[in-house]
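Below is one structure; the comments refer to it alone.
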Amino acid sequence: MNIAYNTADLPDFIETNLQGSNIFFKIPTSDNVEVRSDRRKIIRDAYRLILSKLDGKNYVRNDFLQEDIYIIWKESFQKATNNATRHWQSTYSVLKLFDVLKYAVPHDENYRTNDIKDGNQKKNRYVELIKLRYIFNNREIPYMNFTIEVVIGMKNDGKHVQYSLEYVKKIKIEN
């Protein structure tokens, strides 16, 4: 769940390491469009490091799906550079991608769809999209509590690919 916090408490940068490494990045937290190029560089560098760390085994097993989720430069990185630059939370999730992919779970029972869009989704041969969520929780720092939606594309050969990561701005609370 996304918890409201006083924006005055939010620092100008979130400094964090790439998960599983001692390589640190400073993510700008501003909503200004001008910082998107800074975030894009962080995302590009992070994906390069992630793929080099995986040493040819470019996947993370998702506990819920019991499937390997592949990280593919031309698909995963390409879409992330479009979506994850908009909000610092999405960029942060790229740096924690191993946990995000491993522990993401469905938000509701309609987490699978065959509604494939023309363009990249069809070009990448996806036959199904799977929408999962990962929740960052931090008891001590309210602005570090947020939700990320992970979209996984299942290809016509059954391969699952991390397609998109995006900060969920508002959570609908249903009664």
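Here, A, B, ... name the chains of the structure tokens in the order displayed, residue numbers run from 1 inside each chain, and ligands are numbered from 1 in the same displayed order.
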Enumerate as a compact mmCIF listing (two decimals) with all heavy atoms, in the first residue's frame all residues of range 60-106 of chain A assigned to helix (DSSP H, G or I) by DSSP on the backbone, naming them with the chain letters and numbers the document uses.
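Written output follows (selection_17.txt):
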# COMPACT_ATOMS: atom_id res chain seq x y z
N TRP A 73 17.69 -7.49 -22.80
CA TRP A 73 18.06 -6.10 -23.05
C TRP A 73 17.06 -5.39 -23.96
O TRP A 73 16.52 -4.36 -23.60
CB TRP A 73 19.47 -6.03 -23.66
CG TRP A 73 19.91 -4.64 -23.95
CD1 TRP A 73 19.87 -4.00 -25.15
CD2 TRP A 73 20.42 -3.69 -23.01
NE1 TRP A 73 20.34 -2.72 -25.02
CE2 TRP A 73 20.69 -2.50 -23.72
CE3 TRP A 73 20.69 -3.73 -21.65
CZ2 TRP A 73 21.21 -1.37 -23.11
CZ3 TRP A 73 21.21 -2.60 -21.05
CH2 TRP A 73 21.46 -1.43 -21.77
N LYS A 74 16.78 -5.93 -25.12
CA LYS A 74 15.93 -5.23 -26.10
C LYS A 74 14.47 -5.16 -25.68
O LYS A 74 13.72 -4.38 -26.25
CB LYS A 74 16.05 -5.89 -27.47
CG LYS A 74 17.35 -5.60 -28.15
CD LYS A 74 17.16 -5.60 -29.64
CE LYS A 74 18.40 -5.09 -30.30
NZ LYS A 74 18.17 -3.93 -31.10
N GLU A 75 14.07 -5.94 -24.71
CA GLU A 75 12.68 -5.91 -24.26
C GLU A 75 12.57 -5.28 -22.87
O GLU A 75 11.87 -4.29 -22.69
CB GLU A 75 12.08 -7.32 -24.28
CG GLU A 75 12.00 -7.88 -25.68
CD GLU A 75 11.56 -9.33 -25.71
OE1 GLU A 75 10.64 -9.69 -24.97
OE2 GLU A 75 12.16 -10.11 -26.49
N SER A 76 13.25 -5.85 -21.90
CA SER A 76 13.14 -5.39 -20.52
C SER A 76 13.69 -3.97 -20.37
O SER A 76 13.02 -3.08 -19.84
CB SER A 76 13.90 -6.33 -19.59
OG SER A 76 13.47 -7.65 -19.75
N PHE A 77 14.90 -3.74 -20.83
CA PHE A 77 15.52 -2.43 -20.72
C PHE A 77 14.77 -1.40 -21.53
O PHE A 77 14.50 -0.30 -21.07
CB PHE A 77 16.99 -2.49 -21.16
CG PHE A 77 17.57 -1.13 -21.43
CD1 PHE A 77 17.90 -0.29 -20.38
CD2 PHE A 77 17.77 -0.68 -22.72
CE1 PHE A 77 18.42 0.99 -20.62
CE2 PHE A 77 18.28 0.58 -22.97
CZ PHE A 77 18.61 1.41 -21.92
N GLN A 78 14.41 -1.76 -22.75
CA GLN A 78 13.76 -0.80 -23.64
C GLN A 78 12.47 -0.25 -23.02
O GLN A 78 12.25 0.95 -23.00
CB GLN A 78 13.47 -1.44 -24.99
CG GLN A 78 12.86 -0.47 -25.98
CD GLN A 78 12.62 -1.10 -27.34
OE1 GLN A 78 12.53 -2.31 -27.47
NE2 GLN A 78 12.51 -0.29 -28.35
N LYS A 79 11.64 -1.13 -22.50
CA LYS A 79 10.38 -0.68 -21.91
C LYS A 79 10.64 0.07 -20.60
O LYS A 79 9.99 1.07 -20.31
CB LYS A 79 9.46 -1.87 -21.68
CG LYS A 79 8.09 -1.50 -21.19
CD LYS A 79 7.31 -0.71 -22.22
CE LYS A 79 5.90 -0.44 -21.75
NZ LYS A 79 5.17 0.44 -22.63
N ALA A 80 11.60 -0.39 -19.81
CA ALA A 80 11.91 0.27 -18.54
C ALA A 80 12.38 1.70 -18.76
O ALA A 80 12.06 2.58 -17.97
CB ALA A 80 12.96 -0.52 -17.76
N THR A 81 13.14 1.93 -19.81
CA THR A 81 13.61 3.30 -20.04
C THR A 81 12.46 4.24 -20.36
O THR A 81 12.54 5.43 -20.11
CB THR A 81 14.66 3.40 -21.17
OG1 THR A 81 14.10 2.89 -22.36
CG2 THR A 81 15.93 2.68 -20.81
N ASN A 82 11.38 3.70 -20.89
CA ASN A 82 10.21 4.54 -21.15
C ASN A 82 9.39 4.76 -19.89
O ASN A 82 8.96 5.87 -19.62
CB ASN A 82 9.32 3.89 -22.22
CG ASN A 82 10.00 3.84 -23.56
OD1 ASN A 82 10.87 4.65 -23.85
ND2 ASN A 82 9.64 2.87 -24.36
N ASN A 83 9.16 3.71 -19.11
CA ASN A 83 8.27 3.82 -17.94
C ASN A 83 8.98 4.20 -16.65
O ASN A 83 8.48 5.01 -15.89
CB ASN A 83 7.53 2.50 -17.72
CG ASN A 83 6.50 2.24 -18.79
OD1 ASN A 83 6.35 3.01 -19.72
ND2 ASN A 83 5.78 1.15 -18.67
N TRP A 88 10.78 8.21 -9.39
CA TRP A 88 11.98 7.68 -8.75
C TRP A 88 11.73 6.28 -8.21
O TRP A 88 12.63 5.44 -8.18
CB TRP A 88 12.50 8.62 -7.66
CG TRP A 88 11.63 8.75 -6.44
CD1 TRP A 88 10.71 9.73 -6.18
CD2 TRP A 88 11.62 7.90 -5.30
NE1 TRP A 88 10.11 9.51 -4.97
CE2 TRP A 88 10.66 8.39 -4.40
CE3 TRP A 88 12.32 6.73 -4.96
CZ2 TRP A 88 10.38 7.78 -3.17
CZ3 TRP A 88 12.05 6.13 -3.74
CH2 TRP A 88 11.09 6.66 -2.86
N GLN A 89 10.49 5.99 -7.79
CA GLN A 89 10.18 4.68 -7.23
C GLN A 89 10.40 3.57 -8.27
O GLN A 89 10.87 2.49 -7.94
CB GLN A 89 8.73 4.63 -6.71
CG GLN A 89 8.47 5.57 -5.56
CD GLN A 89 7.96 6.95 -5.98
OE1 GLN A 89 8.24 7.43 -7.08
NE2 GLN A 89 7.21 7.60 -5.10
N SER A 90 10.04 3.84 -9.52
CA SER A 90 10.24 2.86 -10.59
C SER A 90 11.72 2.64 -10.85
O SER A 90 12.16 1.50 -11.04
CB SER A 90 9.56 3.31 -11.88
OG SER A 90 8.18 3.51 -11.68
N THR A 91 12.48 3.72 -10.85
CA THR A 91 13.93 3.60 -11.03
C THR A 91 14.54 2.81 -9.88
O THR A 91 15.38 1.93 -10.09
CB THR A 91 14.58 5.00 -11.15
OG1 THR A 91 13.93 5.72 -12.21
CG2 THR A 91 16.07 4.89 -11.43
N TYR A 92 14.08 3.09 -8.67
CA TYR A 92 14.55 2.35 -7.49
C TYR A 92 14.27 0.85 -7.67
O TYR A 92 15.11 0.01 -7.35
CB TYR A 92 13.86 2.89 -6.24
CG TYR A 92 14.29 2.25 -4.96
CD1 TYR A 92 15.39 2.74 -4.25
CD2 TYR A 92 13.61 1.16 -4.43
CE1 TYR A 92 15.79 2.16 -3.05
CE2 TYR A 92 13.99 0.57 -3.25
CZ TYR A 92 15.09 1.08 -2.56
OH TYR A 92 15.48 0.50 -1.38
N SER A 93 13.11 0.52 -8.20
CA SER A 93 12.75 -0.90 -8.36
C SER A 93 13.68 -1.61 -9.34
O SER A 93 13.91 -2.81 -9.20
CB SER A 93 11.29 -1.05 -8.79
OG SER A 93 11.09 -0.66 -10.13
N VAL A 94 14.22 -0.89 -10.32
CA VAL A 94 15.19 -1.50 -11.24
C VAL A 94 16.44 -1.92 -10.45
O VAL A 94 16.99 -3.00 -10.68
CB VAL A 94 15.57 -0.53 -12.38
CG1 VAL A 94 16.75 -1.07 -13.19
CG2 VAL A 94 14.37 -0.30 -13.30
N LEU A 95 16.85 -1.09 -9.50
CA LEU A 95 18.03 -1.41 -8.71
C LEU A 95 17.78 -2.57 -7.74
O LEU A 95 18.73 -3.16 -7.23
CB LEU A 95 18.51 -0.17 -7.95
CG LEU A 95 18.97 0.98 -8.85
CD1 LEU A 95 19.29 2.22 -8.02
CD2 LEU A 95 20.15 0.58 -9.70
N LEU A 97 15.77 -5.20 -8.71
CA LEU A 97 15.04 -6.05 -9.65
C LEU A 97 15.00 -7.52 -9.25
O LEU A 97 13.99 -8.19 -9.47
CB LEU A 97 15.64 -5.91 -11.05
CG LEU A 97 14.87 -6.56 -12.19
CD1 LEU A 97 13.46 -5.99 -12.30
CD2 LEU A 97 15.62 -6.38 -13.50
N PHE A 98 16.05 -8.04 -8.65
CA PHE A 98 16.06 -9.45 -8.27
C PHE A 98 14.91 -9.77 -7.32
O PHE A 98 14.15 -10.72 -7.54
CB PHE A 98 17.40 -9.85 -7.65
CG PHE A 98 18.57 -9.67 -8.58
CD1 PHE A 98 19.57 -8.77 -8.28
CD2 PHE A 98 18.66 -10.38 -9.77
CE1 PHE A 98 20.65 -8.59 -9.13
CE2 PHE A 98 19.73 -10.20 -10.64
CZ PHE A 98 20.73 -9.30 -10.32
N ASP A 99 14.74 -8.97 -6.26
CA ASP A 99 13.64 -9.19 -5.32
C ASP A 99 12.29 -8.89 -5.96
O ASP A 99 11.31 -9.62 -5.73
CB ASP A 99 13.80 -8.32 -4.07
CG ASP A 99 14.76 -8.92 -3.06
OD1 ASP A 99 15.23 -10.06 -3.26
OD2 ASP A 99 15.04 -8.24 -2.04
N VAL A 100 12.22 -7.83 -6.74
CA VAL A 100 10.96 -7.47 -7.39
C VAL A 100 10.45 -8.64 -8.24
O VAL A 100 9.28 -9.03 -8.14
CB VAL A 100 11.11 -6.18 -8.22
CG1 VAL A 100 9.88 -5.93 -9.07
CG2 VAL A 100 11.40 -4.98 -7.32
N LEU A 101 11.32 -9.21 -9.05
CA LEU A 101 10.89 -10.32 -9.90
C LEU A 101 10.63 -11.59 -9.11
O LEU A 101 9.70 -12.34 -9.41
CB LEU A 101 11.93 -10.60 -10.99
CG LEU A 101 12.09 -9.52 -12.05
CD1 LEU A 101 13.15 -9.92 -13.07
CD2 LEU A 101 10.77 -9.21 -12.74
N LYS A 102 11.42 -11.85 -8.11
CA LYS A 102 11.28 -13.08 -7.33
C LYS A 102 9.99 -13.09 -6.50
O LYS A 102 9.29 -14.09 -6.44
CB LYS A 102 12.49 -13.26 -6.41
CG LYS A 102 12.44 -14.52 -5.56
CD LYS A 102 13.74 -14.73 -4.80
CE LYS A 102 13.72 -15.93 -3.90
NZ LYS A 102 13.40 -17.19 -4.53
N TYR A 103 9.66 -11.97 -5.88
CA TYR A 103 8.57 -11.96 -4.90
C TYR A 103 7.28 -11.27 -5.36
O TYR A 103 6.34 -11.17 -4.58
CB TYR A 103 9.06 -11.31 -3.61
CG TYR A 103 10.21 -12.06 -2.99
CD1 TYR A 103 11.48 -11.48 -2.88
CD2 TYR A 103 10.06 -13.37 -2.52
CE1 TYR A 103 12.54 -12.17 -2.31
CE2 TYR A 103 11.12 -14.07 -1.96
CZ TYR A 103 12.35 -13.46 -1.86
OH TYR A 103 13.41 -14.15 -1.31
Quick one: residues within 8 Å of range 147-159 of chain A, only C-alpha atoms, excluding same-chain residues fewer than 6 positions away - as an MDAnalysis selection string?
chainID A and resid 1:2 68:70 89:90 93 100:101 104 121 124:136 165:169
I need the residues in chain A that are strand (DSSP E or B) according to DSSP; give them as a PyMOL selection string.
chain A and resi 13-17+24-28+59-62+67-70+105-106+112-113+126-136+146-155+160-167
Rounded to one decimal in Å, what is the spacing between CA of Asn62 in chain A and CA of Glu140 in chain A?
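Between CA of Asn62 in chain A and CA of Glu140 in chain A the gap is 27.5 Å.
Distances from A:Asn137, A:Ile43, A:Pro11, A:Ile72 to Lys57 in chain A were compared using only C-alpha atoms, and the smallest one belongs to A:Ile72.
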Near-Ile50 in chain A list (10 Å; only C-alpha atoms; drop same-chain fewer than 3 positions) as a PyMOL selection string:
chain A and resi 18-21+44-47+53-55+58+71+94-98
